[in-house]
Amino acid sequence: MKNSNPNILIIYTGGTIGMIKNPNTGVLDTFNWEHLLKHIPELNEFEYNISACQFNTPLDSSDIMPKHWMQMTKIICDNYHKFDGFVILHGTDTMAYTASALSFMLQNINKPVVLTGSQLPIGVIRTDGKENIINAVEFAAARDLEGKPIVREVAVCFGQYLYRGNRTTKCSADNFNAFIAYNDEPLAVAGVEISYNIKHLLRTLENNHFTPHFNMNPSVIAITLFPGIKPQIVKNVFMDPEIEGIVLRTFGSGNAPKQEWLINSIKEANDKGKIIVNITQCQRGLVEMERYQTGYQLFQAGVVNGKDMTVECAVTKLMFLLAQHRKPEEVRKMMAIPLAGEMTV
Ligand code: ASP
């Protein structure tokens with residue numbers, strides 16, 4: 001590898017971007033990296049040194065599990081000193097979960113990790129995959145005047161935008177602009193020029209070194225409240241001995257029905273050391289439990305304010321913190337503060 005040009009590692013995990021139509025069934029099957037390269041010869045024209053590796057079995061992202069996040073973390077960790085930036089090709093369906101999980105697992109990454117995918121397979125004429133990969137590589141290779149990476153965090157590149165990974169949501173099943181960060185500004189926009197939102201990019205302190213984490217504890221659940229939700233079902237979930245963390249998707253600014261059974265279930269679960277986090281079902285805005293009595297009762301019962309975390313982020317952050325065997329009080333504290341730019345403060 002040449003030293004002067006950025007070294008980029010593309011990690012292909014699967015998803016539509018590498019899929020090809022099975023001529024017998026018409027169904028999209030996962031294909032491989034050579035297939036991608038054949039369809040994007042432009043990758044060879046970059047002055048960057050691009051290498052690639054792939055999952056043995058490329059996955060539809062519906063099959064992505066915490067063990068695959070560990071695998072991605074391991075690949076990045078093993079190659080951390082050899083590469084200046086990483087691009088992860090991933091299915092779009094669960095990309096926001098993977099991006100959120102990695103933002104915690106790759107603590108103080110200090111290098112770009114850019115996830116991208118596509119809505120149409122790369123072999124299709126109107127594919128969006130080509131633009132997405134090319135932009136993702138550009139974002140991963142960008143350097144400032146001192147030669148340091150401009151992006152030093154986990155991000156999602158889709159269409160012309162680069163977003164903070166743990167702020168993203170898949171917002172469309174068929175539009176090329178499939179991702180959005182409802183509560184955050186883009187980190188960069190690729191127009192005629194690429195412009196970076198420099199003030200908004202994450203910067204870690206000099207002596208905060210890259211610390212990869214490999215464990216996640218998936219004993220969590222997300223509950224979406226709705227009028228008429230049955231007490232017994234909710235109580236069963238709260239009392240399930242396997243459940244250690246609950247993301248409660250509440251109404252508006254963090255409100256829930258004023259029902260004794262709900263508050264009692266929350267208090268009991270809290271006393272057992274379970275962590276209950278309040279996020280809103282609204283796409284924009286944040287939880288403010290002091291606004292209404294219907295929200296304040298949750299605060300009084302010990303529910304943590306998840307502010308404007310997405311459900312993808314709240315779930316994976318809980319998995320991450322619960323895996324570290326911290327005291328419940330400490331997990332509650334850490335859920336309420338940003339660890340990787342995941343909430344508005
Ligand atoms: N089902 C596919 C996946 O998430 C969809 C896509 O890649 O866009 O793997």
# chains A, B, ... in the order shown; residues from 1 in each chain; ligands from 1
>>> residues_around(residues="range 1-15 of chain A", least_positions_apart="5", cutoff="6 Å", atoms="only C-alpha atoms", output="PDB file with C-alpha atoms, in the first residue's frame")
ATOM      1  CA  TYR A  48      -7.021   5.912  -2.582  1.00  0.00           C
ATOM      2  CA  ASN A  49      -5.817   2.419  -1.771  1.00  0.00           C
ATOM      3  CA  ILE A  50      -9.018   0.459  -1.493  1.00  0.00           C
ATOM      4  CA  SER A  51      -9.083  -3.045  -0.061  1.00  0.00           C
ATOM      5  CA  ALA A  52     -12.115  -5.156   0.616  1.00  0.00           C
ATOM      6  CA  CYS A  53     -13.236  -8.027   2.766  1.00  0.00           C
ATOM      7  CA  GLN A  54     -16.599  -9.639   3.169  1.00  0.00           C
ATOM      8  CA  PHE A  55     -18.711 -11.752   5.468  1.00  0.00           C
ATOM      9  CA  PRO A  58     -23.467 -12.023   3.048  1.00  0.00           C
ATOM     10  CA  LEU A  59     -26.641 -11.292   4.979  1.00  0.00           C
ATOM     11  CA  ASP A  60     -29.954  -9.672   4.305  1.00  0.00           C
ATOM     12  CA  SER A  61     -29.811  -7.131   7.108  1.00  0.00           C
ATOM     13  CA  PHE A  83      -6.455   1.697   7.373  1.00  0.00           C
ATOM     14  CA  ASP A  84      -7.427   5.347   7.541  1.00  0.00           C
ATOM     15  CA  GLY A  85     -11.115   4.811   6.977  1.00  0.00           C
ATOM     16  CA  PHE A  86     -13.744   2.072   6.801  1.00  0.00           C
ATOM     17  CA  VAL A  87     -16.819   1.699   4.606  1.00  0.00           C
ATOM     18  CA  ILE A  88     -19.394  -0.893   5.617  1.00  0.00           C
ATOM     19  CA  LEU A  89     -21.781  -2.079   2.921  1.00  0.00           C
ATOM     20  CA  HIS A  90     -24.937  -3.158   4.692  1.00  0.00           C
ATOM     21  CA  GLY A  91     -28.609  -3.834   4.010  1.00  0.00           C
ATOM     22  CA  ALA A 141     -11.021   9.220   2.719  1.00  0.00           C
TER      23      ALA A 141
END
>>> residues_near_ligand(ligand="ligand 1", cutoff="9 Å", atoms="only C-alpha atoms and all ligand atoms", output="ChimeraX atom specification")
/A:14-19,30,59-64,90-95,117-121,173-174,178
>>> write_last_selection(atoms="N, CA, C and O atoms", output="tab-separated table (two decimals), in the first residue's frame")
chain	number	residue	atom	x	y	z
A	14	GLY	N	-23.47	-7.56	3.16
A	14	GLY	CA	-24.66	-8.07	2.46
A	14	GLY	C	-25.62	-6.94	2.14
A	14	GLY	O	-25.23	-5.78	2.06
A	15	GLY	N	-26.88	-7.29	1.94
A	15	GLY	CA	-27.89	-6.28	1.62
A	15	GLY	C	-28.13	-6.16	0.13
A	15	GLY	O	-27.38	-6.74	-0.68
A	16	THR	N	-29.13	-5.39	-0.24
A	16	THR	CA	-29.53	-5.23	-1.64
A	16	THR	C	-28.37	-4.79	-2.53
A	16	THR	O	-28.27	-5.20	-3.67
A	17	ILE	N	-27.50	-3.97	-1.97
A	17	ILE	CA	-26.41	-3.41	-2.77
A	17	ILE	C	-25.63	-4.50	-3.50
A	17	ILE	O	-25.18	-4.31	-4.62
A	18	GLY	N	-25.50	-5.67	-2.91
A	18	GLY	CA	-24.74	-6.74	-3.55
A	18	GLY	C	-25.62	-7.87	-4.03
A	18	GLY	O	-25.13	-8.96	-4.32
A	19	MET	N	-26.91	-7.64	-4.09
A	19	MET	CA	-27.81	-8.74	-4.46
A	19	MET	C	-28.00	-8.83	-5.97
A	19	MET	O	-27.86	-7.85	-6.69
A	30	THR	N	-28.25	-12.89	-2.17
A	30	THR	CA	-27.00	-12.15	-1.92
A	30	THR	C	-25.91	-12.63	-2.87
A	30	THR	O	-25.82	-13.80	-3.20
A	59	LEU	N	-25.33	-11.18	4.33
A	59	LEU	CA	-26.64	-11.29	4.98
A	59	LEU	C	-27.64	-10.24	4.51
A	59	LEU	O	-27.27	-9.08	4.31
A	60	ASP	N	-28.87	-10.65	4.36
A	60	ASP	CA	-29.95	-9.67	4.31
A	60	ASP	C	-29.93	-9.05	5.70
A	60	ASP	O	-29.82	-9.76	6.71
A	61	SER	N	-30.05	-7.74	5.79
A	61	SER	CA	-29.81	-7.13	7.11
A	61	SER	C	-30.88	-7.47	8.14
A	61	SER	O	-30.69	-7.22	9.32
A	62	SER	N	-31.99	-8.08	7.72
A	62	SER	CA	-32.96	-8.57	8.71
A	62	SER	C	-32.34	-9.68	9.55
A	62	SER	O	-32.83	-9.98	10.64
A	63	ASP	N	-31.31	-10.31	9.03
A	63	ASP	CA	-30.65	-11.40	9.77
A	63	ASP	C	-29.44	-10.93	10.58
A	63	ASP	O	-28.74	-11.74	11.17
A	64	ILE	N	-29.20	-9.65	10.58
A	64	ILE	CA	-28.06	-9.12	11.36
A	64	ILE	C	-28.39	-9.24	12.84
A	64	ILE	O	-29.51	-8.92	13.28
A	90	HIS	N	-23.98	-2.52	3.77
A	90	HIS	CA	-24.94	-3.16	4.69
A	90	HIS	C	-26.34	-3.02	4.12
A	90	HIS	O	-26.65	-2.02	3.45
A	91	GLY	N	-27.20	-3.97	4.39
A	91	GLY	CA	-28.61	-3.83	4.01
A	91	GLY	C	-29.21	-2.62	4.70
A	91	GLY	O	-28.78	-2.23	5.79
A	92	THR	N	-30.20	-2.04	4.05
A	92	THR	CA	-30.74	-0.80	4.61
A	92	THR	C	-31.71	-1.05	5.77
A	92	THR	O	-31.88	-0.18	6.63
A	93	ASP	N	-32.33	-2.24	5.78
A	93	ASP	CA	-33.42	-2.45	6.76
A	93	ASP	C	-32.98	-2.24	8.21
A	93	ASP	O	-33.72	-1.64	8.99
A	94	THR	N	-31.83	-2.74	8.57
A	94	THR	CA	-31.40	-2.60	9.97
A	94	THR	C	-30.11	-1.77	10.08
A	94	THR	O	-29.43	-1.83	11.11
A	95	MET	N	-29.82	-1.02	9.04
A	95	MET	CA	-28.56	-0.25	9.05
A	95	MET	C	-28.50	0.73	10.22
A	95	MET	O	-27.45	0.94	10.83
A	117	GLY	N	-25.56	1.55	1.75
A	117	GLY	CA	-26.23	0.43	1.10
A	117	GLY	C	-26.99	1.00	-0.09
A	117	GLY	O	-26.63	2.07	-0.60
A	118	SER	N	-28.02	0.32	-0.53
A	118	SER	CA	-28.80	0.88	-1.63
A	118	SER	C	-30.20	0.30	-1.65
A	118	SER	O	-30.47	-0.73	-1.03
A	119	GLN	N	-31.06	0.98	-2.37
A	119	GLN	CA	-32.44	0.52	-2.51
A	119	GLN	C	-32.58	-0.40	-3.72
A	119	GLN	O	-33.43	-1.26	-3.76
A	120	LEU	N	-31.73	-0.16	-4.74
A	120	LEU	CA	-31.76	-1.02	-5.93
A	120	LEU	C	-30.40	-1.72	-6.04
A	120	LEU	O	-29.37	-1.11	-5.78
A	121	PRO	N	-30.40	-3.00	-6.45
A	121	PRO	CA	-29.13	-3.73	-6.57
A	121	PRO	C	-28.18	-3.03	-7.54
A	121	PRO	O	-28.62	-2.34	-8.46
A	173	ALA	N	-39.20	2.96	2.43
A	173	ALA	CA	-38.93	1.60	1.93
A	173	ALA	C	-38.61	1.64	0.43
A	173	ALA	O	-38.12	0.65	-0.11
A	174	ASP	N	-38.89	2.76	-0.23
A	174	ASP	CA	-38.65	2.75	-1.67
A	174	ASP	C	-37.99	4.01	-2.24
A	174	ASP	O	-37.57	4.02	-3.39
A	178	ALA	N	-33.40	7.22	1.56
A	178	ALA	CA	-34.04	6.28	2.48
A	178	ALA	C	-33.74	6.55	3.94
A	178	ALA	O	-34.37	5.98	4.83
>>> select_by_dssp(residues="range 83-273 of chain A", states="strand (DSSP E)", output="PyMOL selection string")
chain A and resi 85-89+106-107+113-116+154-158+161-164+169-170+179-180+188-190+194-196+211-212+220-224+245-250
>>> closest_residue(among="A:Tyr296, A:Pro328, A:Thr168, A:Glu260", to="Gly245 in chain A", atoms="only C-alpha atoms")
A:Pro328
>>> residues_around(residues="Asn305 in chain A", least_positions_apart="3", cutoff="12 Å", atoms="only C-alpha atoms", output="tab-separated table (two decimals) with all heavy atoms, in the first residue's frame")
chain	number	residue	atom	x	y	z
A	247	VAL	N	-37.34	0.03	26.64
A	247	VAL	CA	-37.47	1.32	25.98
A	247	VAL	C	-38.96	1.55	25.81
A	247	VAL	O	-39.64	0.79	25.13
A	247	VAL	CB	-36.75	1.31	24.61
A	247	VAL	CG1	-37.00	2.62	23.87
A	247	VAL	CG2	-35.26	1.07	24.78
A	248	LEU	N	-39.45	2.59	26.47
A	248	LEU	CA	-40.88	2.89	26.45
A	248	LEU	C	-41.11	3.99	25.42
A	248	LEU	O	-40.63	5.11	25.59
A	248	LEU	CB	-41.28	3.36	27.84
A	248	LEU	CG	-42.73	3.20	28.27
A	248	LEU	CD1	-43.20	1.76	28.13
A	248	LEU	CD2	-42.88	3.66	29.72
A	249	ARG	N	-41.83	3.66	24.36
A	249	ARG	CA	-42.11	4.66	23.31
A	249	ARG	C	-43.43	5.33	23.65
A	249	ARG	O	-44.50	4.77	23.45
A	249	ARG	CB	-42.14	3.99	21.95
A	249	ARG	CG	-40.82	3.26	21.63
A	249	ARG	CD	-40.83	2.70	20.24
A	249	ARG	NE	-40.81	3.77	19.26
A	249	ARG	CZ	-41.50	3.76	18.12
A	249	ARG	NH1	-42.29	2.76	17.84
A	249	ARG	NH2	-41.42	4.76	17.27
A	250	THR	N	-43.30	6.53	24.20
A	250	THR	CA	-44.46	7.21	24.78
A	250	THR	C	-45.07	8.22	23.79
A	250	THR	O	-44.60	8.39	22.68
A	250	THR	CB	-44.02	7.95	26.05
A	250	THR	OG1	-42.96	8.85	25.66
A	250	THR	CG2	-43.52	7.01	27.12
A	253	SER	N	-44.46	14.54	24.20
A	253	SER	CA	-43.22	14.92	24.90
A	253	SER	C	-42.88	13.95	26.04
A	253	SER	O	-42.26	14.34	27.02
A	253	SER	CB	-43.33	16.35	25.41
A	253	SER	OG	-44.47	16.47	26.23
A	254	GLY	N	-43.31	12.70	25.90
A	254	GLY	CA	-42.93	11.68	26.88
A	254	GLY	C	-44.05	11.32	27.84
A	254	GLY	O	-43.79	11.07	29.03
A	255	ASN	N	-45.27	11.25	27.33
A	255	ASN	CA	-46.43	11.05	28.20
A	255	ASN	C	-47.01	9.64	28.06
A	255	ASN	O	-46.91	9.02	27.01
A	255	ASN	CB	-47.50	12.09	27.86
A	255	ASN	CG	-46.91	13.48	27.86
A	255	ASN	OD1	-46.17	13.83	28.78
A	255	ASN	ND2	-47.19	14.27	26.84
A	275	ILE	N	-33.93	-1.19	33.84
A	275	ILE	CA	-33.77	0.20	33.38
A	275	ILE	C	-34.91	0.51	32.42
A	275	ILE	O	-35.12	-0.22	31.44
A	275	ILE	CB	-32.43	0.39	32.61
A	275	ILE	CG1	-31.27	-0.35	33.30
A	275	ILE	CG2	-32.14	1.86	32.35
A	275	ILE	CD1	-30.90	0.14	34.65
A	276	ILE	N	-35.64	1.57	32.70
A	276	ILE	CA	-36.76	1.95	31.82
A	276	ILE	C	-36.46	3.33	31.25
A	276	ILE	O	-36.22	4.29	31.98
A	276	ILE	CB	-38.10	1.94	32.58
A	276	ILE	CG1	-38.30	0.53	33.16
A	276	ILE	CG2	-39.26	2.30	31.67
A	276	ILE	CD1	-38.78	0.53	34.54
A	277	VAL	N	-36.44	3.40	29.91
A	277	VAL	CA	-36.05	4.65	29.24
A	277	VAL	C	-37.23	5.18	28.43
A	277	VAL	O	-37.88	4.44	27.69
A	277	VAL	CB	-34.86	4.38	28.28
A	277	VAL	CG1	-34.39	5.68	27.64
A	277	VAL	CG2	-33.73	3.71	29.00
A	278	ASN	N	-37.46	6.47	28.57
A	278	ASN	CA	-38.58	7.13	27.89
A	278	ASN	C	-38.11	7.80	26.60
A	278	ASN	O	-37.27	8.70	26.64
A	278	ASN	CB	-39.17	8.18	28.85
A	278	ASN	CG	-40.45	8.79	28.33
A	278	ASN	OD1	-40.86	8.56	27.19
A	278	ASN	ND2	-41.11	9.56	29.18
A	279	ILE	N	-38.61	7.32	25.47
A	279	ILE	CA	-38.39	8.06	24.21
A	279	ILE	C	-39.77	8.31	23.59
A	279	ILE	O	-40.73	7.61	23.90
A	279	ILE	CB	-37.46	7.32	23.21
A	279	ILE	CG1	-38.04	5.97	22.80
A	279	ILE	CG2	-36.06	7.16	23.79
A	279	ILE	CD1	-37.33	5.37	21.59
A	280	THR	N	-39.83	9.29	22.71
A	280	THR	CA	-41.13	9.64	22.14
A	280	THR	C	-41.40	8.90	20.82
A	280	THR	O	-40.48	8.58	20.08
A	280	THR	CB	-41.25	11.16	21.91
A	280	THR	OG1	-42.46	11.42	21.21
A	280	THR	CG2	-40.08	11.73	21.13
A	286	LEU	N	-38.25	16.14	21.52
A	286	LEU	CA	-37.70	15.29	22.57
A	286	LEU	C	-38.59	15.17	23.79
A	286	LEU	O	-39.56	15.92	23.93
A	286	LEU	CB	-36.30	15.78	22.96
A	286	LEU	CG	-36.10	17.25	23.24
A	286	LEU	CD1	-35.89	17.49	24.70
A	286	LEU	CD2	-34.92	17.73	22.44
A	287	VAL	N	-38.22	14.25	24.64
A	287	VAL	CA	-38.98	13.96	25.86
A	287	VAL	C	-38.72	15.05	26.90
A	287	VAL	O	-37.56	15.40	27.16
A	287	VAL	CB	-38.57	12.57	26.41
A	287	VAL	CG1	-39.06	12.37	27.83
A	287	VAL	CG2	-39.08	11.48	25.49
A	288	GLU	N	-39.80	15.57	27.46
A	288	GLU	CA	-39.69	16.52	28.58
A	288	GLU	C	-40.74	16.09	29.59
A	288	GLU	O	-41.91	16.46	29.46
A	288	GLU	CB	-40.01	17.94	28.11
A	288	GLU	CG	-38.92	18.55	27.26
A	288	GLU	CD	-39.34	19.92	26.74
A	288	GLU	OE1	-39.97	19.95	25.68
A	288	GLU	OE2	-39.07	20.91	27.43
A	289	MET	N	-40.31	15.30	30.55
A	289	MET	CA	-41.29	14.68	31.44
A	289	MET	C	-41.94	15.65	32.43
A	289	MET	O	-42.89	15.30	33.09
A	289	MET	CB	-40.65	13.50	32.17
A	289	MET	CG	-40.44	12.29	31.25
A	289	MET	SD	-39.95	10.81	32.12
A	289	MET	CE	-38.20	11.03	32.26
A	290	GLU	N	-41.39	16.87	32.48
A	290	GLU	CA	-41.95	17.84	33.45
A	290	GLU	C	-43.11	18.62	32.85
A	290	GLU	O	-43.72	19.44	33.52
A	290	GLU	CB	-40.90	18.84	33.93
A	290	GLU	CG	-39.59	18.28	34.40
A	290	GLU	CD	-38.70	17.80	33.25
A	290	GLU	OE1	-38.82	18.35	32.14
A	290	GLU	OE2	-37.92	16.86	33.47
A	295	GLY	N	-46.53	12.85	31.98
A	295	GLY	CA	-45.11	12.56	31.81
A	295	GLY	C	-44.40	12.56	33.17
A	295	GLY	O	-43.54	11.71	33.45
A	296	TYR	N	-44.82	13.48	34.03
A	296	TYR	CA	-44.16	13.63	35.34
A	296	TYR	C	-44.29	12.37	36.19
A	296	TYR	O	-43.37	11.98	36.92
A	296	TYR	CB	-44.76	14.84	36.07
A	296	TYR	CG	-43.90	15.32	37.20
A	296	TYR	CD1	-42.60	15.76	36.95
A	296	TYR	CD2	-44.38	15.32	38.50
A	296	TYR	CE1	-41.79	16.18	38.00
A	296	TYR	CE2	-43.57	15.74	39.55
A	296	TYR	CZ	-42.28	16.17	39.29
A	296	TYR	OH	-41.48	16.58	40.30
A	298	LEU	N	-44.12	9.44	35.20
A	298	LEU	CA	-43.08	8.49	34.77
A	298	LEU	C	-41.75	8.86	35.41
A	298	LEU	O	-41.01	8.00	35.89
A	298	LEU	CB	-42.95	8.48	33.24
A	298	LEU	CG	-44.18	8.06	32.44
A	298	LEU	CD1	-43.91	8.15	30.94
A	298	LEU	CD2	-44.61	6.65	32.80
A	299	PHE	N	-41.47	10.16	35.40
A	299	PHE	CA	-40.24	10.65	36.03
A	299	PHE	C	-40.22	10.25	37.51
A	299	PHE	O	-39.22	9.73	38.02
A	299	PHE	CB	-40.17	12.18	35.86
A	299	PHE	CG	-39.11	12.83	36.68
A	299	PHE	CD1	-37.78	12.71	36.31
A	299	PHE	CD2	-39.43	13.55	37.83
A	299	PHE	CE1	-36.78	13.31	37.06
A	299	PHE	CE2	-38.44	14.13	38.60
A	299	PHE	CZ	-37.11	14.02	38.21
A	300	GLN	N	-41.36	10.47	38.17
A	300	GLN	CA	-41.44	10.14	39.61
A	300	GLN	C	-41.27	8.64	39.86
A	300	GLN	O	-40.77	8.23	40.90
A	300	GLN	CB	-42.79	10.60	40.17
A	300	GLN	CG	-42.84	12.11	40.37
A	300	GLN	CD	-44.20	12.55	40.86
A	300	GLN	OE1	-45.22	12.14	40.32
A	300	GLN	NE2	-44.22	13.39	41.89
A	301	ALA	N	-41.67	7.84	38.89
A	301	ALA	CA	-41.55	6.38	39.04
A	301	ALA	C	-40.15	5.88	38.71
A	301	ALA	O	-39.86	4.69	38.80
A	301	ALA	CB	-42.59	5.68	38.17
A	302	GLY	N	-39.26	6.79	38.29
A	302	GLY	CA	-37.86	6.41	38.06
A	302	GLY	C	-37.49	6.15	36.61
A	302	GLY	O	-36.45	5.55	36.32
A	308	ASP	N	-34.08	12.78	22.74
A	308	ASP	CA	-34.51	12.54	21.35
A	308	ASP	C	-33.78	11.36	20.72
A	308	ASP	O	-33.59	11.31	19.50
A	308	ASP	CB	-34.36	13.81	20.50
A	308	ASP	CG	-32.93	14.35	20.50
A	308	ASP	OD1	-32.07	13.79	21.22
A	308	ASP	OD2	-32.68	15.34	19.80
A	309	MET	N	-33.41	10.39	21.55
A	309	MET	CA	-32.79	9.19	20.98
A	309	MET	C	-33.81	8.47	20.10
A	309	MET	O	-34.98	8.38	20.44
A	309	MET	CB	-32.34	8.24	22.09
A	309	MET	CG	-30.94	8.46	22.56
A	309	MET	SD	-30.36	7.12	23.62
A	309	MET	CE	-31.30	7.38	25.10
A	314	ALA	N	-31.72	3.88	21.28
A	314	ALA	CA	-32.00	3.58	22.68
A	314	ALA	C	-31.84	2.08	22.95
A	314	ALA	O	-31.26	1.67	23.98
A	314	ALA	CB	-33.41	4.05	23.03
A	332	ARG	N	-28.53	3.99	34.38
A	332	ARG	CA	-29.55	5.04	34.24
A	332	ARG	C	-28.89	6.39	33.93
A	332	ARG	O	-29.33	7.12	33.05
A	332	ARG	CB	-30.40	5.15	35.51
A	332	ARG	CG	-31.32	3.95	35.68
A	332	ARG	CD	-32.36	4.13	36.78
A	332	ARG	NE	-33.03	2.86	36.95
A	332	ARG	CZ	-32.85	2.03	37.97
A	332	ARG	NH1	-32.07	2.37	38.99
A	332	ARG	NH2	-33.45	0.85	38.01
A	333	LYS	N	-27.83	6.68	34.66
A	333	LYS	CA	-27.12	7.96	34.45
A	333	LYS	C	-26.57	8.05	33.03
A	333	LYS	O	-26.70	9.07	32.36
A	333	LYS	CB	-25.94	8.04	35.43
A	333	LYS	CG	-26.15	9.08	36.51
A	333	LYS	CD	-24.87	9.33	37.26
A	333	LYS	CE	-25.21	9.51	38.72
A	333	LYS	NZ	-24.22	9.00	39.64
A	334	MET	N	-25.96	6.95	32.58
A	334	MET	CA	-25.32	6.98	31.26
A	334	MET	C	-26.34	6.98	30.13
A	334	MET	O	-26.08	7.49	29.04
A	334	MET	CB	-24.35	5.81	31.12
A	334	MET	CG	-23.19	5.94	32.08
A	334	MET	SD	-22.03	4.59	31.99
A	334	MET	CE	-21.04	5.07	30.58
A	335	MET	N	-27.53	6.41	30.38
A	335	MET	CA	-28.58	6.44	29.35
A	335	MET	C	-29.06	7.88	29.12
A	335	MET	O	-29.58	8.19	28.06
A	335	MET	CB	-29.77	5.57	29.75
A	335	MET	CG	-29.59	4.08	29.54
A	335	MET	SD	-29.16	3.57	27.85
A	335	MET	CE	-30.61	3.98	26.90
A	336	ALA	N	-28.92	8.70	30.15
A	336	ALA	CA	-29.47	10.07	30.06
A	336	ALA	C	-28.47	11.08	29.51
A	336	ALA	O	-28.80	12.25	29.32
A	336	ALA	CB	-29.96	10.50	31.43
A	337	ILE	N	-27.23	10.65	29.26
A	337	ILE	CA	-26.24	11.59	28.72
A	337	ILE	C	-25.67	11.05	27.40
A	337	ILE	O	-25.63	9.83	27.20
A	337	ILE	CB	-25.07	11.85	29.72
A	337	ILE	CG1	-24.43	10.51	30.14
A	337	ILE	CG2	-25.55	12.64	30.94
A	337	ILE	CD1	-23.10	10.67	30.82
A	338	PRO	N	-25.22	11.95	26.53
A	338	PRO	CA	-24.68	11.43	25.25
A	338	PRO	C	-23.31	10.80	25.43
A	338	PRO	O	-22.44	11.37	26.10
A	338	PRO	CB	-24.58	12.69	24.38
A	338	PRO	CG	-24.63	13.85	25.31
A	338	PRO	CD	-25.27	13.41	26.58
A	343	MET	N	-27.72	12.17	21.35
A	343	MET	CA	-28.90	12.94	21.77
A	343	MET	C	-28.58	14.43	21.81
A	343	MET	O	-27.42	14.83	21.91
A	343	MET	CB	-29.42	12.45	23.14
A	343	MET	CG	-28.35	12.41	24.20
A	343	MET	SD	-29.00	12.11	25.87
A	343	MET	CE	-29.75	10.51	25.75
A	344	THR	N	-29.65	15.23	21.72
A	344	THR	CA	-29.48	16.68	21.79
A	344	THR	C	-29.38	17.10	23.24
A	344	THR	O	-30.19	16.67	24.06
A	344	THR	CB	-30.68	17.37	21.11
A	344	THR	OG1	-30.82	16.85	19.80
A	344	THR	CG2	-30.50	18.88	21.06
A	345	VAL	N	-28.36	17.91	23.55
A	345	VAL	CA	-28.24	18.36	24.95
A	345	VAL	C	-28.44	19.88	25.04
A	345	VAL	O	-28.29	20.59	24.07
A	345	VAL	CB	-26.89	17.98	25.59
A	345	VAL	CG1	-26.91	16.52	26.00
A	345	VAL	CG2	-25.73	18.25	24.65
>>> residues_around(residues="Glu312 in chain A", least_positions_apart="2", cutoff="9 Å", atoms="only C-alpha atoms", output="ChimeraX atom specification")
/A:94,96-101,166-169,309-310,314-317
>>> select_by_dssp(residues="range 67-299 of chain A", states="helix (DSSP H, G or I)", output="VMD selection string")
chain A and resid 67 to 78 95 to 105 129 to 141 165 to 167 198 to 200 231 to 239 260 to 271 293 to 299
>>> atom_distance(atom1="CA of Thr204 in chain A", atom2="CA of Met72 in chain A")
21.5 Å
>>> closest_residue(among="A:Leu202, A:Ala256, A:Leu318, A:Val192", to="Pro227 in chain A", atoms="only C-alpha atoms")
A:Ala256
>>> atom_distance(atom1="CA of Ile125 in chain A", atom2="CA of Asn56 in chain A")
27.0 Å
>>> residues_around(residues="Pro241 in chain A", least_positions_apart="3", cutoff="10 Å", atoms="only C-alpha atoms", output="list in words")
Ser219, Asn236, Val237, Phe238, Glu244, Ala269, Lys272 and Lys274 of chain A
>>> write_last_selection(atoms="N, CA and C atoms", output="mmCIF file, in the first residue's frame")
data_model
loop_
_atom_site.group_PDB
_atom_site.id
_atom_site.type_symbol
_atom_site.label_atom_id
_atom_site.label_comp_id
_atom_site.auth_asym_id
_atom_site.auth_seq_id
_atom_site.Cartn_x
_atom_site.Cartn_y
_atom_site.Cartn_z
ATOM 1 N N SER A 219 -30.975 -8.435 26.350
ATOM 2 C CA SER A 219 -32.150 -8.652 27.211
ATOM 3 C C SER A 219 -32.974 -7.375 27.341
ATOM 4 N N ASN A 236 -46.784 -8.328 32.048
ATOM 5 C CA ASN A 236 -45.998 -9.544 31.769
ATOM 6 C C ASN A 236 -44.612 -9.188 31.244
ATOM 7 N N VAL A 237 -44.586 -8.182 30.384
ATOM 8 C CA VAL A 237 -43.284 -7.796 29.816
ATOM 9 C C VAL A 237 -42.393 -7.221 30.922
ATOM 10 N N PHE A 238 -42.955 -6.316 31.721
ATOM 11 C CA PHE A 238 -42.170 -5.683 32.796
ATOM 12 C C PHE A 238 -41.633 -6.715 33.790
ATOM 13 N N GLU A 244 -34.048 -6.920 31.138
ATOM 14 C CA GLU A 244 -33.255 -6.043 32.027
ATOM 15 C C GLU A 244 -33.405 -4.574 31.654
ATOM 16 N N ALA A 269 -40.520 -2.838 38.507
ATOM 17 C CA ALA A 269 -39.415 -3.212 37.620
ATOM 18 C C ALA A 269 -38.158 -2.419 38.002
ATOM 19 N N LYS A 272 -36.425 -3.751 40.922
ATOM 20 C CA LYS A 272 -35.681 -4.989 40.611
ATOM 21 C C LYS A 272 -34.393 -4.672 39.842
ATOM 22 N N LYS A 274 -34.246 -3.034 36.908
ATOM 23 C CA LYS A 274 -34.427 -2.909 35.454
ATOM 24 C C LYS A 274 -34.352 -1.433 35.068
#
>>> atom_distance(atom1="CA of Leu28 in chain A", atom2="CA of Arg126 in chain A")
16.2 Å
>>> closest_residue(among="A:Asn208, A:Asp144, A:Lys130, A:Lys170", to="Leu37 in chain A", atoms="only C-alpha atoms")
A:Lys130
>>> residues_around(residues="Glu206 in chain A", least_positions_apart="6", cutoff="12 Å", atoms="only C-alpha atoms", output="MDAnalysis selection string")
chainID A and resid 108:110
